[in-house]
Every structure is written in structure tokens, then in C-alpha cells.
Amino acid sequence: MSNDLQGTERYRLWPVDRRMLTAIPTIGLSVGFVLAALAYAGGALSPERLTQTSMIKAFEEVNSVNTGFRRNHAKGVCVSGRFDSNGNGVGLSKAAVFKRGAVPVIGRFAVAVGRPFVPDNETEVRSMALSFRPPGAEEWRTGMNDIPVFSVKDAKGFYDQLLASQVDSTTGKPDPEKMKAFFVAHPESQRALQLIQAKPFSTGFGNASYNSLDAFRFVNAEGVSTAVRWSMVAIEPFAPEIPAQATASDKNYLFDALIARIEHGPLQWRLVVTVGGPGDPTNDATIPWPEDRQQVDVGTLTIDHIEAEGPNNCRDVNFDPLVLPPGIEPSDDPLLSARSAVYSTSFTRRAREPKTPSEVQIPGKGG
Amino acid sequence: MTQQRFPALSRLLHWVMAAMILAMLFIGFGMVASLTDYHWLVSIHKPLGIAVLALVAIRLINRLVNSAPPLPADMPALMRFAALGSHMLLYVLMFATPLVGWAMLSTARYPIVLYGSLELPPILPQSDGLFSALRTAHTVLAALFFATFLIHFSAALMHALVFRDGVFQSMASIGRRREDRKDPVVR
């Protein structure tokens, strides 16, 4: 212990002496280093890095800020019902939801556009988001779309697609030059779009089938991990969308038909798990798996209640695809983490914003 | 003049938690600016935050049982006040930041998964308004925590390099010290 100074002299900071002259740069450099490391971690030193904020900004630039609404899939309606598991999934996953029996489910149907008041005829892709809620814990959330593959394979692709497909206000269409440049940069998206366009959309929400698109891993009680994708396959017979629908005078014709249908009687889907074969890509949602892969029907989803978005119902749930129970794990698909991150930012932003009533309301039940 | 050291358990808790908290702050500020790395960072952030909360409870009890060695008698009153204040603030932050994080996840109705089927119960009911306030509070607390850490770190270096009063060594030394030894050491 150095005892070269005594009494209050030891704590004197002025005038600056030799000790101070060596200490100040040391402390300054150390603090500066820690601050620089934090700035690096937070992305402040790499403005080109794609972050949650830049992704949400792109959504807000394309769709403008619609306060209180999701930044994507903004127009939707809340549903609930149950999932009756037949027990066939137990061999693949130890998740409580696959044990034989019924599990309560809440969900949301939406159109895959970031504008909450968009007329239905200006949309194509529809989504079904679900939250399976076994008693106690082990909640499972999933968001699915009625397309065979996803149009992009990673966050960068999504970002580029979002900006390239922005509708030009003078032509009412995306800039063809920008779309061309997007497809040159993302050939996987061009291939995926051909697959998406080759498959007709259905007449409504009730007879559409919805796909996880991203791959996940099911882990059973023995610890065996299997690559899977899943689909909610409609029990209602498929009928292709007819052109007359697009000119319908009711701008909510898709949602109004769903409301009328559920009030008439429950709608059902079969949850079908597709087991990936060796070499099937799990990290690229633009690539379909071969048709002959093993499919396991693990149970039936019954939707028997529908209500407008409101406080503490599906409106206030973030259908984060990585809210998973033990027995279901993320794959190496980079979209999963990116979706989880961006949904979280979207949720945080809309939670703070004043709420506007949803476009979709249930007739006779008030707003 | 001999500055007493902190008891071994206090030093162990201090350094283990120092590493955890610094990691937490970096993970926290990093994950909110990440896409591909978001999920694995969040998966560490939640259990590590709860571990900090559990350890700080042990640490507070330890602090009350094994009191801190007195500061040097000649230390000016203003410095004593700053030392006491910043340490109290650090304790408040070690409790408040993870608690607010837990409460925030509860109000957003996110399951609070630590590992596998180990889940914590919600501590507040679902509420958009509460979530917004707590989400902001979590960021503000984290920023305040980082600033307080930098002050604490700078003050420690001041004690080590300028004041040379043994306060730094009271926390930052390991093993036995000369004055603890039975045999006197000839200088």
C-alpha cells in the first residue's frame, strides 16, 4: 500500500498533480472503450445494419403510421375455440398441446397488409394466428399464411421486398424497375412468387388452408428432434376465388362472410404436421418440401366464436412465432428470430398508441 | 493506515454479479437492435435477469449481516455521501431492473420462460397501458444502470490510481493479504 500522502491531502483533486495526469487518461480511455462497445452492440456504429427499428420504419414509410394497429396484418378479427388433439403428435413432440384431449385456443384472422382499413379486394394473402393455451403453462403461438411458400428467405429479403413493392402514388402500382432490381438481387423470391401465383386463393377465410412456412423442430419425450412444417387444412371444401369478389361493393366482404359463417356454425381445420426428410431445407422458407413427405394429422381445430378486436382479446396479443412450449423449438430459419424481433417492436409501439376501433365489427353487437 | 477488506462472500457476490450485470446490459442494448440474433439473446436475457434478481436478494441479506468495511476516516464528507448514494442506487437498480422486466412481460401476456418447462408466473395482469409504462421504465432503468456503473467504475479507478487509500483493494484483491498473515513481513 502506497502511503505517500496523508490526511485530506490524499483526496485533493486540485491543482492537478502527477497522479491525476496519469489517472485521467486511463479512466477516460476505459470509460470510452466501454461506451464504444455498447454503441457497437446497439448498432450505432453500423448504420447499414438492419435492425428492428429500420424494419418498422420501412413498414411505416410504406403504410404510414396507423396508430394502435399492428404494423403488418393490420386488419383482422378475433376468434376463439378449441383444439382437439388425437394424440398422434406425441411421437413427434412432447408438447402438452399434442396429448390426447382438448385445449382452449384463441386466434386472429387477418389480411397480410399493413393498412388497417384496406378494402379486402386490394389484398391477396390471408393469415391465421393462433395461441394454444393448455391449462397452467406451455403456451404455443403460431402465425400462418395461406400461401405454399414464403416470398423471402431472410430479413434483408423482406426489407428489400417491402420497399420495392411500395405502391407508386401516381401509377397506383409498384415501380416495375424496383421490382426487377429486387428479383435480380433475390432470385429465391422470384422462384417463390411463381409457386405462390400458381396456386389459386380460396373464396374466403373459412375454406383456406394456412401454412407455417417456416420450419421448426419437434422434440419428443425421448429427446429425438425432427424437422417439421405444419398446416391448418380447411375441412370446408376449397373453392377458388372468383373475379366477381374483387368488385364486391362490401369492402369487408372476406371478414363479413367469415362472421356470417361462424355465426351459422363452427369452422374446422385439421392440423397436419409434415415431417422433413434428410436434406429438406429448414433455413429457407421459399423452398417447398417434396410432396411425398410423411404427414401426420394431429388433431382438429374448431373455431366457434368471433368478435371484433378489443381490449385484452387477440388485439393485445403478440402472435410471436417463437412463443413455443417445450417440445417445439425454432429451426435454423433466420426468419424466425427476425419475425420475433419485429413483432415485438410492433407490439411495443402499438401498445403505447391511442386505439382506433377496428374496421371489422360484428353486426348487431355494437362497436 | 490499513483499509479493511470486504468479506470473501461479499467479494465473490460482487464480482460474479458485476460480470452478469455487464453482460445483461450489453445483451439488452444489443438484442433490441438485432434481428437474426434477437432470439438467442432474449433467451439468455430472461433467465440471467432473474438470476440477478435472486442473487441481489442474497446479496442484500449478506450486506446486512456482513457489513461493509468503514471508509477511510479522512475521506471528505462529500465523497462519503457520493459513495453511499451511488451504492444505494446500484442496489435499487439491481432489484428494480429485473423486477420491472418481469412485470413488463406479465402485462404483455408473454410467457416468462426461463428454461424448458421452467416458467415464472405473471406478477401483474395484462394491460396495454401498464406495459407501455413498464417497457419505457425498463429502458430508462437500464440506461441509468449503465451510467451508474460507469460512475462506479471511474470512482474505483480514482481510488486505485489517485487516492490510493485501499478502498479499491478492499473489493479488488484476492487471496490472503500481508496484514492478514500471521507472520509479520519485513518491508
# chains A, B, ... in the order shown; residues from 1 in each chain; ligands from 1
>>> residues_around(residues="stretch 105-113 of chain B", least_positions_apart="4", cutoff="7 Å", atoms="only C-alpha atoms", output="NGL selection string")
:B and (101 or 118-120 or 122-128 or 130-131)
>>> write_last_selection(atoms="C-alpha atoms", output="mmCIF file, in the first residue's frame")
data_model
loop_
_atom_site.group_PDB
_atom_site.id
_atom_site.type_symbol
_atom_site.label_atom_id
_atom_site.label_comp_id
_atom_site.auth_asym_id
_atom_site.auth_seq_id
_atom_site.Cartn_x
_atom_site.Cartn_y
_atom_site.Cartn_z
ATOM 1 C CA GLY B 101 -38.651 -6.631 -16.761
ATOM 2 C CA LEU B 118 -39.469 -23.726 -16.109
ATOM 3 C CA GLU B 119 -41.805 -20.746 -16.290
ATOM 4 C CA LEU B 120 -42.426 -17.875 -13.898
ATOM 5 C CA PRO B 122 -47.128 -13.294 -14.180
ATOM 6 C CA ILE B 123 -46.836 -10.703 -11.396
ATOM 7 C CA LEU B 124 -49.254 -8.190 -12.927
ATOM 8 C CA PRO B 125 -52.446 -8.553 -15.004
ATOM 9 C CA GLN B 126 -52.486 -7.958 -18.769
ATOM 10 C CA SER B 127 -52.640 -4.233 -19.576
ATOM 11 C CA ASP B 128 -51.518 -2.233 -22.607
ATOM 12 C CA LEU B 130 -49.043 -0.703 -17.858
ATOM 13 C CA PHE B 131 -46.940 -2.497 -20.460
#
>>> interface_residues(of="chain B", to="chain A", cutoff="8 Å", atoms="only C-alpha atoms", output="PyMOL selection string")
chain B and resi 1+26-27+29-39+74-76+108-111+116-117+119+126-129+131-132+135+150+154+157-158+161-166
>>> select_by_dssp(residues="stretch 28-205 of chain A", states="helix (DSSP H, G or I)", output="number ranges by chain")
A: 28-41, 52-63, 96-98, 120-122, 155-164, 176-185, 187-198
>>> write_last_selection(atoms="C-alpha atoms", output="mmCIF file, in the first residue's frame")
data_model
loop_
_atom_site.group_PDB
_atom_site.id
_atom_site.type_symbol
_atom_site.label_atom_id
_atom_site.label_comp_id
_atom_site.auth_asym_id
_atom_site.auth_seq_id
_atom_site.Cartn_x
_atom_site.Cartn_y
_atom_site.Cartn_z
ATOM 1 C CA GLY A 28 -11.168 8.342 -19.848
ATOM 2 C CA LEU A 29 -9.925 5.601 -22.176
ATOM 3 C CA SER A 30 -11.522 2.842 -20.101
ATOM 4 C CA VAL A 31 -14.909 4.579 -19.965
ATOM 5 C CA GLY A 32 -14.616 5.460 -23.659
ATOM 6 C CA PHE A 33 -13.895 1.838 -24.521
ATOM 7 C CA VAL A 34 -16.941 0.590 -22.604
ATOM 8 C CA LEU A 35 -19.172 3.214 -24.233
ATOM 9 C CA ALA A 36 -17.839 2.337 -27.699
ATOM 10 C CA ALA A 37 -18.517 -1.353 -27.043
ATOM 11 C CA LEU A 38 -22.088 -0.503 -26.040
ATOM 12 C CA ALA A 39 -22.571 1.627 -29.138
ATOM 13 C CA TYR A 40 -21.285 -1.281 -31.225
ATOM 14 C CA ALA A 41 -23.683 -3.748 -29.576
ATOM 15 C CA GLN A 52 -35.971 -3.792 -35.581
ATOM 16 C CA THR A 53 -36.247 -0.030 -35.870
ATOM 17 C CA SER A 54 -35.229 0.126 -39.530
ATOM 18 C CA MET A 55 -37.668 -2.676 -40.381
ATOM 19 C CA ILE A 56 -40.572 -0.985 -38.581
ATOM 20 C CA LYS A 57 -39.622 2.344 -40.183
ATOM 21 C CA ALA A 58 -39.911 0.698 -43.603
ATOM 22 C CA PHE A 59 -43.416 -0.545 -42.714
ATOM 23 C CA GLU A 60 -44.385 2.921 -41.537
ATOM 24 C CA GLU A 61 -42.936 4.523 -44.657
ATOM 25 C CA VAL A 62 -44.904 2.202 -46.940
ATOM 26 C CA ASN A 63 -48.197 2.133 -44.996
ATOM 27 C CA ALA A 96 -48.715 -30.650 -23.797
ATOM 28 C CA VAL A 97 -50.910 -29.499 -26.682
ATOM 29 C CA PHE A 98 -50.398 -32.810 -28.526
ATOM 30 C CA ASP A 120 -60.467 -6.709 -48.829
ATOM 31 C CA ASN A 121 -60.320 -6.699 -52.623
ATOM 32 C CA GLU A 122 -56.925 -4.980 -52.524
ATOM 33 C CA ALA A 155 -34.925 -10.252 -43.025
ATOM 34 C CA LYS A 156 -32.927 -8.488 -45.740
ATOM 35 C CA GLY A 157 -35.133 -10.041 -48.411
ATOM 36 C CA PHE A 158 -38.257 -8.942 -46.539
ATOM 37 C CA TYR A 159 -36.944 -5.401 -46.165
ATOM 38 C CA ASP A 160 -35.981 -5.146 -49.837
ATOM 39 C CA GLN A 161 -39.323 -6.594 -50.923
ATOM 40 C CA LEU A 162 -41.248 -4.194 -48.702
ATOM 41 C CA LEU A 163 -39.532 -1.157 -50.203
ATOM 42 C CA ALA A 164 -39.550 -2.449 -53.799
ATOM 43 C CA PRO A 176 -41.516 -2.133 -62.202
ATOM 44 C CA GLU A 177 -37.850 -1.114 -62.248
ATOM 45 C CA LYS A 178 -37.591 -1.517 -58.494
ATOM 46 C CA MET A 179 -39.335 -4.894 -58.613
ATOM 47 C CA LYS A 180 -36.959 -6.036 -61.347
ATOM 48 C CA ALA A 181 -33.951 -4.994 -59.279
ATOM 49 C CA PHE A 182 -35.434 -6.807 -56.269
ATOM 50 C CA PHE A 183 -35.812 -10.073 -58.195
ATOM 51 C CA VAL A 184 -32.284 -9.790 -59.587
ATOM 52 C CA ALA A 185 -30.954 -9.395 -56.040
ATOM 53 C CA PRO A 187 -33.698 -14.933 -57.257
ATOM 54 C CA GLU A 188 -35.158 -17.151 -54.490
ATOM 55 C CA SER A 189 -38.056 -14.693 -54.225
ATOM 56 C CA GLN A 190 -38.732 -14.867 -57.958
ATOM 57 C CA ARG A 191 -38.956 -18.672 -57.731
ATOM 58 C CA ALA A 192 -41.155 -18.450 -54.633
ATOM 59 C CA LEU A 193 -43.512 -15.956 -56.261
ATOM 60 C CA GLN A 194 -44.040 -18.313 -59.204
ATOM 61 C CA LEU A 195 -45.101 -21.047 -56.759
ATOM 62 C CA ILE A 196 -47.375 -18.633 -54.888
ATOM 63 C CA GLN A 197 -49.018 -17.380 -58.085
ATOM 64 C CA ALA A 198 -49.510 -20.903 -59.415
#
>>> select_by_dssp(residues="chain B", states="strand (DSSP E)", output="PyMOL selection string")
chain B and resi 112-115+118-120
>>> residues_around(residues="B:Arg63", least_positions_apart="3", cutoff="10 Å", atoms="only C-alpha atoms", output="PyMOL selection string")
chain B and resi 6-7+9-10+56-60+66-68
>>> write_last_selection(atoms="C-alpha atoms", output="CSV table (one decimal), in the first residue's frame")
chain,number,residue,atom,x,y,z
B,6,PHE,CA,-14.8,-6.9,2.3
B,7,PRO,CA,-15.6,-10.5,3.5
B,9,LEU,CA,-18.5,-13.9,0.3
B,10,SER,CA,-19.2,-10.2,-0.4
B,56,VAL,CA,-29.2,-9.5,-5.2
B,57,ALA,CA,-31.7,-10.7,-2.6
B,58,ILE,CA,-28.9,-12.9,-1.2
B,59,ARG,CA,-26.5,-10.0,-1.5
B,60,LEU,CA,-28.7,-7.6,0.4
B,66,ASN,CA,-21.6,-8.8,6.9
B,67,SER,CA,-21.4,-5.0,6.9
B,68,ALA,CA,-19.0,-3.2,4.6
>>> atom_distance(atom1="atom CA of A:Arg293", atom2="atom CA of A:Arg217")
15.4 Å
>>> closest_residue(among="B:Gly175, B:Pro72, B:Pro98, B:Pro121", to="B:Ala142", atoms="only C-alpha atoms")
B:Pro98
>>> atom_distance(atom1="atom CA of A:Asp175", atom2="atom CA of A:Pro116")
23.1 Å
